[in-house]
>>> print(open('input_9.csv').read())   # CSV, C-alpha atoms
chain,number,residue,atom,x,y,z
A,1,MET,CA,15.4,-16.0,27.0
A,2,SER,CA,18.3,-14.8,29.1
A,3,ASP,CA,19.0,-11.1,29.1
A,4,ASN,CA,22.1,-9.9,27.5
A,5,LYS,CA,24.1,-7.7,29.8
A,6,ASN,CA,26.5,-6.4,27.1
A,7,ASN,CA,24.9,-3.0,27.0
A,8,ASN,CA,24.8,-2.5,30.8
A,9,GLY,CA,21.3,-1.1,30.5
A,10,LYS,CA,22.6,1.9,28.6
A,11,ILE,CA,21.1,2.9,25.2
A,12,ASP,CA,23.2,4.7,22.7
A,13,THR,CA,20.4,6.7,21.1
A,14,ARG,CA,22.7,8.3,18.5
A,15,THR,CA,23.7,5.0,17.0
A,16,ILE,CA,20.0,4.0,16.8
A,17,GLN,CA,19.1,7.3,15.2
A,18,SER,CA,21.8,7.0,12.6
A,19,ILE,CA,20.6,3.5,11.6
A,20,LEU,CA,17.0,4.9,11.4
A,21,LYS,CA,18.1,7.8,9.4
A,22,GLU,CA,20.1,5.6,7.0
A,23,ASN,CA,17.0,3.5,6.4
A,24,LYS,CA,14.4,6.1,6.7
A,25,LYS,CA,12.8,5.6,3.3
A,26,GLN,CA,12.4,1.9,3.7
A,27,ILE,CA,11.0,2.1,7.2
A,28,LYS,CA,8.6,4.9,6.3
A,29,LEU,CA,7.4,3.0,3.3
A,30,GLY,CA,6.6,-0.1,5.3
A,31,LEU,CA,4.8,1.9,8.1
A,32,THR,CA,2.8,4.0,5.6
A,33,MET,CA,1.7,1.1,3.4
A,34,CYS,CA,0.9,-1.5,6.1
A,35,ALA,CA,-2.9,-1.5,6.2
A,36,HIS,CA,-2.9,-3.4,9.5
A,37,CYS,CA,-5.0,-6.0,7.7
A,38,SER,CA,-3.3,-9.0,9.5
A,39,LEU,CA,-3.4,-11.1,6.2
A,40,CYS,CA,0.2,-11.9,6.8
A,41,ALA,CA,-0.6,-13.9,10.0
A,42,GLU,CA,-1.1,-17.3,8.5
A,43,SER,CA,2.0,-17.1,6.4
A,44,CYS,CA,4.2,-17.3,9.5
A,45,PHE,CA,4.7,-20.9,10.7
A,46,LEU,CA,5.6,-19.7,14.2
A,47,TYR,CA,2.3,-17.8,14.5
A,48,MET,CA,0.5,-21.0,13.4
A,49,SER,CA,2.4,-23.2,15.8
A,50,ARG,CA,2.3,-20.8,18.8
A,51,ASP,CA,-1.4,-21.0,19.5
A,52,LEU,CA,-2.1,-18.1,17.0
A,53,ASP,CA,-0.4,-15.6,19.4
A,54,PRO,CA,-0.5,-12.2,17.7
A,55,GLU,CA,3.1,-11.5,18.9
A,56,TYR,CA,4.3,-13.9,16.2
A,57,MET,CA,2.4,-12.2,13.4
A,58,PRO,CA,4.9,-10.7,10.9
A,59,SER,CA,3.3,-7.3,10.9
A,60,TYR,CA,3.2,-7.2,14.7
A,61,LYS,CA,6.9,-8.0,14.8
A,62,PHE,CA,8.0,-5.2,12.5
A,63,LEU,CA,5.5,-2.7,13.8
A,64,HIS,CA,6.5,-3.2,17.4
A,65,SER,CA,10.2,-3.3,16.7
A,66,ILE,CA,11.6,-1.0,14.0
A,67,GLY,CA,8.2,0.7,13.6
A,68,LYS,CA,8.1,1.7,17.3
A,69,LEU,CA,11.8,2.7,17.2
A,70,TYR,CA,11.1,5.0,14.2
A,71,LYS,CA,8.0,6.6,15.8
A,72,LYS,CA,9.9,7.2,19.0
A,73,LYS,CA,12.9,8.5,17.1
A,74,GLY,CA,15.2,6.0,18.7
A,75,LYS,CA,14.4,7.2,22.2
A,76,VAL,CA,13.6,3.9,23.9
A,77,SER,CA,14.4,2.5,27.3
A,78,ALA,CA,16.6,-0.6,27.8
A,79,GLY,CA,13.5,-2.6,28.8
A,80,GLN,CA,11.7,-1.6,25.7
A,81,LEU,CA,14.6,-2.6,23.5
A,82,GLU,CA,14.9,-5.9,25.3
A,83,LYS,CA,11.3,-6.6,24.4
A,84,MET,CA,12.1,-5.7,20.8
A,85,ARG,CA,15.1,-8.0,20.9
A,86,ASP,CA,12.8,-10.9,21.9
A,87,LEU,CA,10.4,-10.0,19.0
A,88,VAL,CA,13.0,-9.9,16.3
A,89,PHE,CA,15.3,-12.6,17.4
A,90,CYS,CA,13.0,-15.1,19.3
A,91,ASN,CA,9.7,-14.7,17.5
A,92,CYS,CA,11.2,-14.7,14.0
A,93,VAL,CA,13.6,-17.0,12.4
A,94,LEU,CA,13.9,-14.9,9.2
A,95,CYS,CA,12.7,-17.7,7.0
A,96,THR,CA,11.4,-15.0,4.6
A,97,ARG,CA,8.2,-16.8,3.9
A,98,CYS,CA,5.9,-14.1,5.1
A,99,TYR,CA,3.3,-12.8,2.7
A,100,CYS,CA,2.0,-9.2,2.5
A,101,PRO,CA,-0.8,-8.3,0.1
A,102,PHE,CA,1.0,-5.0,-0.6
A,103,GLY,CA,4.4,-6.6,-1.1
A,104,ILE,CA,6.0,-5.0,2.0
A,105,ASP,CA,9.4,-6.6,2.5
A,106,ILE,CA,8.7,-7.6,6.2
A,107,PRO,CA,11.9,-9.7,6.6
A,108,SER,CA,14.1,-6.8,5.7
A,109,LEU,CA,12.3,-4.6,8.2
A,110,ILE,CA,12.8,-7.2,10.9
A,111,THR,CA,16.4,-7.4,9.9
A,112,LEU,CA,16.7,-3.7,10.5
A,113,GLY,CA,15.2,-4.3,14.0
A,114,ARG,CA,17.9,-6.9,14.6
A,115,ARG,CA,20.6,-4.5,13.4
A,116,VAL,CA,19.5,-1.9,15.9
A,117,CYS,CA,19.4,-4.4,18.8
A,118,ARG,CA,22.8,-5.7,17.9
A,119,SER,CA,24.2,-2.2,17.8
A,120,GLN,CA,23.1,-2.0,21.5
A,121,GLY,CA,24.6,-5.4,22.4
A,122,LEU,CA,21.3,-7.1,22.4
A,123,PHE,CA,20.9,-10.3,20.5
A,124,ARG,CA,20.0,-13.9,20.9
A,125,GLU,CA,22.5,-16.0,22.7
A,126,TYR,CA,21.8,-19.5,21.4
A,127,ASP,CA,24.2,-21.1,23.8
A,128,LYS,CA,22.3,-19.7,26.8
A,129,ALA,CA,18.8,-20.3,25.4
B,1,MET,CA,-26.9,30.6,14.1
B,2,ASN,CA,-26.1,33.0,17.0
B,3,PRO,CA,-25.3,36.4,15.4
B,4,ILE,CA,-22.3,36.9,17.8
B,5,ILE,CA,-20.8,33.6,16.6
B,6,SER,CA,-21.5,34.3,13.0
B,7,HIS,CA,-19.8,37.7,13.5
B,8,ILE,CA,-16.7,36.1,14.9
B,9,ILE,CA,-16.6,33.1,12.5
B,10,PRO,CA,-17.4,33.9,8.9
B,11,VAL,CA,-19.6,30.8,8.5
B,12,GLU,CA,-21.0,31.8,5.2
B,13,ALA,CA,-17.6,32.4,3.7
B,14,ILE,CA,-16.4,29.0,4.9
B,15,VAL,CA,-19.5,27.3,3.5
B,16,ASP,CA,-19.0,29.1,0.2
B,17,PHE,CA,-15.4,28.0,0.2
B,18,ILE,CA,-16.4,24.3,0.8
B,19,TYR,CA,-19.0,24.5,-2.0
B,20,GLY,CA,-16.7,26.2,-4.4
B,21,PRO,CA,-12.9,26.6,-4.5
B,22,LEU,CA,-12.2,23.7,-2.1
B,23,ILE,CA,-13.8,21.2,-4.5
B,24,TRP,CA,-11.5,22.2,-7.3
B,25,LEU,CA,-8.5,22.5,-4.9
B,26,SER,CA,-9.1,19.0,-3.6
B,27,PHE,CA,-9.3,17.5,-7.1
B,28,VAL,CA,-6.1,19.3,-8.1
B,29,ILE,CA,-4.3,18.2,-4.9
B,30,PHE,CA,-5.6,14.6,-5.5
B,31,ALA,CA,-4.5,14.4,-9.1
B,32,ALA,CA,-1.1,16.2,-8.6
B,33,GLY,CA,-0.5,14.3,-5.4
B,34,LEU,CA,-1.1,10.9,-7.1
B,35,ILE,CA,1.3,11.8,-9.9
B,36,VAL,CA,4.0,13.2,-7.6
B,37,GLN,CA,3.8,10.3,-5.1
B,38,THR,CA,3.8,7.7,-7.9
B,39,TRP,CA,6.8,9.4,-9.4
B,40,ARG,CA,8.5,9.5,-6.0
B,41,TYR,CA,8.0,5.9,-5.3
B,42,LYS,CA,9.0,4.9,-8.8
B,43,MET,CA,12.3,6.8,-8.3
B,44,MET,CA,12.9,4.6,-5.3
B,45,THR,CA,13.0,1.6,-7.6
B,46,LYS,CA,15.5,0.5,-10.2
B,47,ILE,CA,15.6,-2.1,-13.0
B,48,ASN,CA,17.3,-5.1,-11.5
B,49,ASP,CA,19.6,-7.0,-13.9
B,50,ASN,CA,20.3,-9.6,-11.2
B,51,PRO,CA,16.9,-10.5,-9.9
B,52,PRO,CA,16.8,-12.3,-6.6
B,53,LEU,CA,16.2,-16.0,-6.7
B,54,ILE,CA,12.5,-16.7,-6.2
B,55,PRO,CA,11.6,-19.9,-4.5
B,56,LYS,CA,9.5,-22.2,-6.5
B,57,LYS,CA,5.9,-22.7,-5.4
B,58,GLU,CA,5.4,-25.5,-2.9
B,59,ILE,CA,2.7,-27.2,-4.9
B,60,PRO,CA,4.2,-28.8,-8.0
B,61,LYS,CA,2.4,-28.1,-11.3
B,62,SER,CA,1.4,-31.3,-12.8
B,63,GLU,CA,2.0,-31.3,-16.5
B,64,THR,CA,0.9,-34.8,-16.8
B,65,GLY,CA,-1.9,-36.7,-15.2
B,66,SER,CA,-5.6,-36.5,-15.8
B,67,ARG,CA,-7.8,-33.4,-15.9
B,68,TRP,CA,-9.0,-34.2,-12.3
B,69,GLU,CA,-5.4,-34.6,-11.0
B,70,ARG,CA,-4.5,-31.2,-12.5
B,71,PHE,CA,-7.7,-29.7,-11.0
B,72,PHE,CA,-6.9,-31.0,-7.5
B,73,TYR,CA,-3.3,-29.7,-7.7
B,74,LYS,CA,-4.7,-26.3,-8.5
B,75,LEU,CA,-7.3,-26.6,-5.7
B,76,ALA,CA,-4.6,-27.6,-3.2
B,77,PHE,CA,-2.6,-24.5,-4.2
B,78,PHE,CA,-5.6,-22.3,-3.9
B,79,ARG,CA,-6.3,-23.7,-0.4
B,80,LEU,CA,-2.8,-22.6,0.6
B,81,SER,CA,-3.2,-19.1,-0.8
B,82,VAL,CA,-4.5,-16.1,1.2
B,83,MET,CA,-7.9,-16.7,-0.3
B,84,GLY,CA,-7.9,-20.2,1.0
B,85,PHE,CA,-7.0,-19.1,4.5
B,86,ASN,CA,-9.3,-16.0,4.6
B,87,PRO,CA,-12.0,-16.5,2.0
B,88,LEU,CA,-14.6,-14.3,3.8
B,89,LEU,CA,-12.2,-11.4,4.4
B,90,VAL,CA,-10.7,-11.5,0.9
B,91,THR,CA,-14.2,-11.6,-0.7
B,92,ILE,CA,-15.5,-8.8,1.5
B,93,SER,CA,-12.3,-6.7,0.8
B,94,LEU,CA,-12.7,-7.2,-3.0
B,95,VAL,CA,-16.4,-6.3,-2.9
B,96,PHE,CA,-15.7,-3.3,-0.7
B,97,HIS,CA,-13.0,-1.8,-2.8
B,98,LEU,CA,-14.9,-2.4,-6.0
B,99,CYS,CA,-18.1,-0.8,-4.7
B,100,LEU,CA,-16.0,2.1,-3.2
B,101,LEU,CA,-14.7,2.9,-6.6
B,102,ILE,CA,-17.7,2.4,-8.9
B,103,THR,CA,-20.4,3.8,-6.7
B,104,PRO,CA,-19.3,7.5,-6.8
B,105,LEU,CA,-18.2,7.2,-10.5
B,106,PHE,CA,-21.5,5.9,-11.8
B,107,LEU,CA,-23.8,7.8,-9.4
B,108,LEU,CA,-26.6,9.6,-11.3
B,109,ALA,CA,-26.3,12.9,-9.3
B,110,HIS,CA,-22.5,13.0,-9.8
B,111,ASN,CA,-22.9,12.5,-13.5
B,112,ILE,CA,-25.6,15.2,-13.9
B,113,MET,CA,-23.1,17.6,-12.3
B,114,LEU,CA,-20.4,16.4,-14.6
B,115,GLU,CA,-22.7,16.9,-17.6
B,116,ASN,CA,-23.5,20.4,-16.4
B,117,VAL,CA,-19.9,21.4,-15.8
B,118,PHE,CA,-18.0,19.6,-18.6
B,119,GLY,CA,-20.7,18.6,-21.0
B,120,PHE,CA,-20.0,14.9,-20.7
B,121,SER,CA,-20.9,12.2,-18.3
B,122,LEU,CA,-20.3,8.5,-17.5
B,123,PRO,CA,-23.1,6.0,-17.6
B,124,SER,CA,-25.2,6.0,-14.4
B,125,PHE,CA,-26.6,3.4,-12.2
B,126,LEU,CA,-30.3,3.4,-11.4
B,127,PRO,CA,-30.9,5.1,-8.0
B,128,GLY,CA,-31.9,1.7,-6.5
B,129,THR,CA,-28.6,0.1,-7.6
B,130,SER,CA,-26.6,3.0,-6.1
B,131,HIS,CA,-28.5,2.6,-2.8
B,132,LEU,CA,-27.6,-1.1,-2.8
B,133,LEU,CA,-23.9,-0.4,-3.6
B,134,THR,CA,-23.8,2.3,-0.9
B,135,GLY,CA,-25.3,-0.1,1.6
B,136,ILE,CA,-22.7,-2.8,0.6
B,137,VAL,CA,-19.9,-0.3,1.2
B,138,LEU,CA,-21.2,0.7,4.6
B,139,ALA,CA,-21.9,-2.9,5.6
B,140,CYS,CA,-18.4,-3.9,4.6
B,141,GLY,CA,-17.0,-1.0,6.5
B,142,PHE,CA,-18.9,-2.1,9.6
B,143,PHE,CA,-17.5,-5.6,9.2
B,144,PHE,CA,-13.9,-4.1,9.1
B,145,MET,CA,-14.6,-2.1,12.2
B,146,LEU,CA,-16.0,-5.1,14.1
B,147,ARG,CA,-13.1,-7.2,12.9
B,148,ARG,CA,-10.7,-4.6,14.4
B,149,ILE,CA,-12.5,-4.7,17.7
B,150,ILE,CA,-13.2,-8.5,18.0
B,151,ILE,CA,-10.3,-10.4,16.4
B,152,ARG,CA,-7.3,-10.6,18.7
B,153,ARG,CA,-4.6,-10.5,16.1
B,154,VAL,CA,-6.2,-7.5,14.3
B,155,ARG,CA,-6.7,-5.7,17.6
B,156,ALA,CA,-3.0,-6.2,18.5
B,157,ILE,CA,-1.9,-4.0,15.6
B,158,THR,CA,-4.9,-1.6,15.4
B,159,THR,CA,-4.4,2.1,16.3
B,160,PHE,CA,-6.7,5.1,16.4
B,161,TYR,CA,-5.5,6.0,13.0
B,162,ASP,CA,-7.0,2.8,11.5
B,163,TYR,CA,-10.4,3.8,12.8
B,164,LEU,CA,-9.9,7.3,11.5
B,165,ILE,CA,-9.0,6.1,8.0
B,166,LEU,CA,-12.0,3.7,7.9
B,167,GLY,CA,-14.3,6.5,9.1
B,168,LEU,CA,-13.0,8.9,6.5
B,169,ALA,CA,-13.5,6.3,3.8
B,170,LEU,CA,-17.1,5.7,4.9
B,171,ALA,CA,-18.1,9.3,5.7
B,172,PRO,CA,-18.9,10.4,2.1
B,173,PHE,CA,-21.1,7.3,1.6
B,174,LEU,CA,-23.0,7.7,4.9
B,175,THR,CA,-23.5,11.4,4.6
B,176,GLY,CA,-24.4,11.1,0.9
B,177,PHE,CA,-27.0,8.4,1.6
B,178,LEU,CA,-28.5,10.3,4.5
B,179,ALA,CA,-28.7,13.5,2.5
B,180,HIS,CA,-30.4,11.6,-0.4
B,181,GLN,CA,-33.0,10.3,2.1
B,182,ASN,CA,-33.3,13.9,3.6
B,183,ALA,CA,-32.6,12.3,7.0
B,184,PHE,CA,-33.4,14.4,10.1
B,185,ASP,CA,-34.8,17.0,7.8
B,186,CYS,CA,-31.5,18.7,7.4
B,187,TYR,CA,-30.4,18.1,3.8
B,188,ASP,CA,-28.3,21.3,3.7
B,189,THR,CA,-26.1,20.2,6.6
B,190,LEU,CA,-25.8,16.6,5.4
B,191,ILE,CA,-24.8,17.6,1.8
B,192,LEU,CA,-22.3,20.1,3.2
B,193,LEU,CA,-20.8,17.3,5.3
B,194,HIS,CA,-20.9,15.0,2.3
B,195,ILE,CA,-18.9,17.5,0.2
B,196,LEU,CA,-16.5,18.3,3.0
B,197,SER,CA,-15.8,14.7,3.7
B,198,CYS,CA,-15.1,14.0,0.0
B,199,GLU,CA,-12.8,16.9,-0.1
B,200,ILE,CA,-10.8,15.7,2.9
B,201,LEU,CA,-10.7,12.2,1.5
B,202,LEU,CA,-9.4,13.4,-1.9
B,203,ILE,CA,-6.7,15.5,-0.3
B,204,MET,CA,-5.6,12.8,2.0
B,205,ILE,CA,-5.5,9.9,-0.5
B,206,PRO,CA,-2.0,10.6,-2.0
B,207,PHE,CA,-0.4,11.4,1.4
B,208,SER,CA,-1.7,8.7,3.7
B,209,LYS,CA,-2.4,5.0,4.0
B,210,PHE,CA,-5.1,5.5,1.3
B,211,PHE,CA,-2.2,5.6,-1.1
B,212,HIS,CA,-2.3,1.8,-1.0
B,213,MET,CA,-4.7,2.2,-4.0
B,214,ILE,CA,-1.6,2.9,-6.1
B,215,PHE,CA,1.1,1.2,-3.9
B,216,PHE,CA,-0.7,-2.2,-4.3
B,217,PHE,CA,0.1,-2.1,-8.0
B,218,PHE,CA,3.7,-1.2,-7.2
B,219,GLY,CA,4.2,-4.0,-4.8
B,220,ARG,CA,2.5,-6.6,-7.0
B,221,PHE,CA,3.3,-5.6,-10.6
B,222,LEU,CA,6.5,-3.5,-10.5
B,223,ILE,CA,8.7,-5.1,-7.9
B,224,ILE,CA,10.2,-8.5,-8.3
B,225,ASN,CA,9.1,-10.7,-5.5
B,226,GLU,CA,7.6,-14.1,-4.9
B,227,TYR,CA,4.1,-12.8,-5.0
B,228,SER,CA,4.4,-10.4,-7.9
B,229,LEU,CA,2.1,-10.7,-10.8
B,230,GLY,CA,3.0,-10.3,-14.4
B,231,ALA,CA,6.7,-9.9,-15.2
B,232,PRO,CA,8.2,-7.2,-13.0
B,233,LYS,CA,11.8,-6.0,-13.6
B,234,ARG,CA,12.4,-3.6,-10.8
B,235,SER,CA,13.6,-3.7,-7.2
B,236,TRP,CA,13.6,-1.2,-4.4
B,237,GLN,CA,16.7,1.0,-4.1
B,238,PHE,CA,16.4,2.8,-0.8
>>> encode(input="input_9.csv", output="structure tokens")
Amino acid sequence: MSDNKNNNGKIDTRTIQSILKENKKQIKLGLTMCAHCSLCAESCFLYMSRDLDPEYMPSYKFLHSIGKLYKKKGKVSAGQLEKMRDLVFCNCVLCTRCYCPFGIDIPSLITLGRRVCRSQGLFREYDKA
Amino acid sequence: MNPIISHIIPVEAIVDFIYGPLIWLSFVIFAAGLIVQTWRYKMMTKINDNPPLIPKKEIPKSETGSRWERFFYKLAFFRLSVMGFNPLLVTISLVFHLCLLITPLFLLAHNIMLENVFGFSLPSFLPGTSHLLTGIVLACGFFFMLRRIIIRRVRAITTFYDYLILGLALAPFLTGFLAHQNAFDCYDTLILLHILSCEILLIMIPFSKFFHMIFFFFGRFLIINEYSLGAPKRSWQF
């Protein structure tokens, strides 16, 4: 994945924080109710086809993107955000087929992760992939 | 205890508090917390008049065909469910949660106390059955802990908090069992730890990951989604 240079390595923490604040209830609910059981793993076709790599597991993707952003209150480095970009854009195609025994809406949380990344000029450039 | 320490820390007063008011306080916080949190989460939902389109199940239901054909259709669907992929984990989880709930409720000693205080009690298991159920809870807990350590995908999302939650859930069972066996000849300490761990657990349930005991029913019975059970009518309104 080629790096986007749109953000020039600068992170606009305020914008991230406003997105987090706007969606606080939803993020908090997802983080509180995720029992870290990993039962969602097999529902992801990418996880199944990528040698069972945990980084493709639905819960891993939302916990290490929007979950991490929420816990760090939006204060992340450009490098960290680029890793999150790879998680939410490259490791997930938003097919919405993921299963959670508690009914956590994982795709919508990953979508929030994408929104934060896009706000910082980080996204998947399909023409450069 | 060293008299200097007991002079600085009012140990007896703390023990009295754990044995007395904290029990009632923890039950009140538990009950009120469950009600308030359930209400809070319910307020985050709304009846949805335009329910989202739910994809049909991948395995077609065979209305026609022989009994065997219908049976194999169902079997194929079952194989693709979470139970089909993780039969051991799902079975152990079900057994763990069931035993976690029924063991304290139908324990003889708890029901004797209930009878003494309120004048009524629930039916009780024989002591041997309670021992067996406690053993099952502890063994399942040990399985969950090992799973968190050994399996790569679980390890990848495990935090210290997960071990803490598991430890808190198991602590009342371990201390209760050890106290009953008068292990290490220190019944008083063990029963104090048993009561304290129960109180901490009760207080934490509504405000931590333990709340999944209620949230599970929200996610599966109240909110419209592909995996919901029954006929839910609500959606999240964040």
>>> atom_distance(input="input_9.csv", atom1="atom CA of Ala31 of chain B", atom2="atom CA of Pro104 of chain B")
16.5 Å
>>> atom_distance(input="input_9.csv", atom1="atom CA of Lys46 of chain B", atom2="atom CA of Pro58 of chain A")
26.1 Å
>>> interface_residues(input="input_9.csv", of="chain A", to="chain B", cutoff="8 Å", atoms="all atoms listed in the file", output="list in words")
Asn23, Lys25, Gln26, Thr32, Met33, Cys34, Ala35, His36, Cys37, Ser38, Leu39, Glu42, Asp53, Pro54, Met57, Ser59, Tyr60, Leu63, Tyr99, Pro101, Phe102, Gly103 and Ile104 of chain A
>>> residues_around(input="input_9.csv", residues="Gln17 of chain A", least_positions_apart="6", cutoff="9 Å", atoms="all atoms listed in the file", output="ChimeraX atom specification")
/A:69-70,73-75
>>> write_last_selection(input="input_9.csv", atoms="C-alpha atoms", output="PDB file, in the frame of the given file")
ATOM      1  CA  LEU A  69      11.800   2.700  17.200  1.00  0.00           C
ATOM      2  CA  TYR A  70      11.100   5.000  14.200  1.00  0.00           C
ATOM      3  CA  LYS A  73      12.900   8.500  17.100  1.00  0.00           C
ATOM      4  CA  GLY A  74      15.200   6.000  18.700  1.00  0.00           C
ATOM      5  CA  LYS A  75      14.400   7.200  22.200  1.00  0.00           C
TER       6      LYS A  75
END
>>> atom_distance(input="input_9.csv", atom1="atom CA of Gln37 of chain B", atom2="atom CA of Lys28 of chain A")
13.5 Å
>>> closest_residue(input="input_9.csv", among="A:Ile66, A:Cys90, A:Ala78, A:Ile27", to="Lys10 of chain A", atoms="all atoms listed in the file")
A:Ala78
>>> residues_around(input="input_9.csv", residues="Phe30 of chain B", least_positions_apart="6", cutoff="12 Å", atoms="only C-alpha atoms", output="list in words")
Leu22, Ile23, Trp24, Val36, Gln37, Thr38, Cys198, Glu199, Ile200, Leu201, Leu202, Ile203, Met204, Ile205, Pro206, Phe207, Ser208, Phe210 and Phe211 of chain B
>>> residues_around(input="input_9.csv", residues="Pro127 of chain B", least_positions_apart="6", cutoff="12 Å", atoms="all atoms listed in the file", output="ChimeraX atom specification")
/B:103-104,106-110,133-134,177,180-181
>>> closest_residue(input="input_9.csv", among="B:Gly230, B:Cys99, B:Pro21, B:Ala13", to="Ser130 of chain B", atoms="all atoms listed in the file")
B:Cys99
>>> closest_residue(input="input_9.csv", among="B:Ile150, B:Ala183, B:Ile18, B:Ala139", to="Leu170 of chain B", atoms="only C-alpha atoms")
B:Ala139
>>> residues_near_point(input="input_9.csv", point="(18.0, 6.6, 14.5)", cutoff="12 Å", atoms="all atoms listed in the file", output="ChimeraX atom specification")
/A:11-24,27,66-76,112-113,115-117,119
>>> decode(input="input_9.csv", residues="segment 59-76 of chain A", atoms="N, CA and C atoms", output="short mmCIF file (atom, residue, chain, number, x, y, z; two decimals), in the first residue's frame")
data_model
loop_
_atom_site.label_atom_id
_atom_site.label_comp_id
_atom_site.auth_asym_id
_atom_site.auth_seq_id
_atom_site.Cartn_x
_atom_site.Cartn_y
_atom_site.Cartn_z
N SER A 59 -13.04 -7.86 15.01
CA SER A 59 -12.88 -7.14 16.28
C SER A 59 -11.51 -6.46 16.34
N TYR A 60 -10.47 -7.12 15.84
CA TYR A 60 -9.13 -6.52 15.84
C TYR A 60 -9.16 -5.21 15.06
N LYS A 61 -9.86 -5.23 13.92
CA LYS A 61 -9.88 -4.06 13.04
C LYS A 61 -10.54 -2.86 13.70
N PHE A 62 -11.64 -3.08 14.41
CA PHE A 62 -12.27 -1.90 15.03
C PHE A 62 -11.59 -1.52 16.35
N LEU A 63 -11.08 -2.52 17.07
CA LEU A 63 -10.41 -2.20 18.35
C LEU A 63 -9.12 -1.42 18.12
N HIS A 64 -8.40 -1.78 17.04
CA HIS A 64 -7.12 -1.14 16.78
C HIS A 64 -7.22 0.06 15.84
N SER A 65 -8.42 0.45 15.50
CA SER A 65 -8.57 1.69 14.72
C SER A 65 -9.36 2.69 15.55
N ILE A 66 -10.68 2.64 15.43
CA ILE A 66 -11.50 3.63 16.16
C ILE A 66 -11.39 3.43 17.68
N GLY A 67 -11.20 2.18 18.10
CA GLY A 67 -11.06 1.88 19.53
C GLY A 67 -9.82 2.54 20.10
N LYS A 68 -8.72 2.41 19.38
CA LYS A 68 -7.46 3.00 19.84
C LYS A 68 -7.55 4.52 19.80
N LEU A 69 -8.16 5.04 18.75
CA LEU A 69 -8.32 6.50 18.64
C LEU A 69 -9.12 7.05 19.82
N TYR A 70 -10.16 6.32 20.20
CA TYR A 70 -11.01 6.76 21.30
C TYR A 70 -10.23 6.73 22.62
N LYS A 71 -9.49 5.64 22.83
CA LYS A 71 -8.74 5.52 24.08
C LYS A 71 -7.63 6.56 24.18
N LYS A 72 -7.05 6.91 23.04
CA LYS A 72 -5.97 7.90 23.03
C LYS A 72 -6.51 9.32 22.85
N LYS A 73 -7.83 9.45 22.89
CA LYS A 73 -8.52 10.74 22.75
C LYS A 73 -8.09 11.47 21.47
N GLY A 74 -7.86 10.72 20.43
CA GLY A 74 -7.53 11.30 19.13
C GLY A 74 -6.07 11.70 18.98
N LYS A 75 -5.30 11.54 20.06
CA LYS A 75 -3.89 11.98 19.99
C LYS A 75 -3.02 10.84 19.49
N VAL A 76 -2.93 10.74 18.18
CA VAL A 76 -2.11 9.68 17.57
C VAL A 76 -1.12 10.31 16.60
#
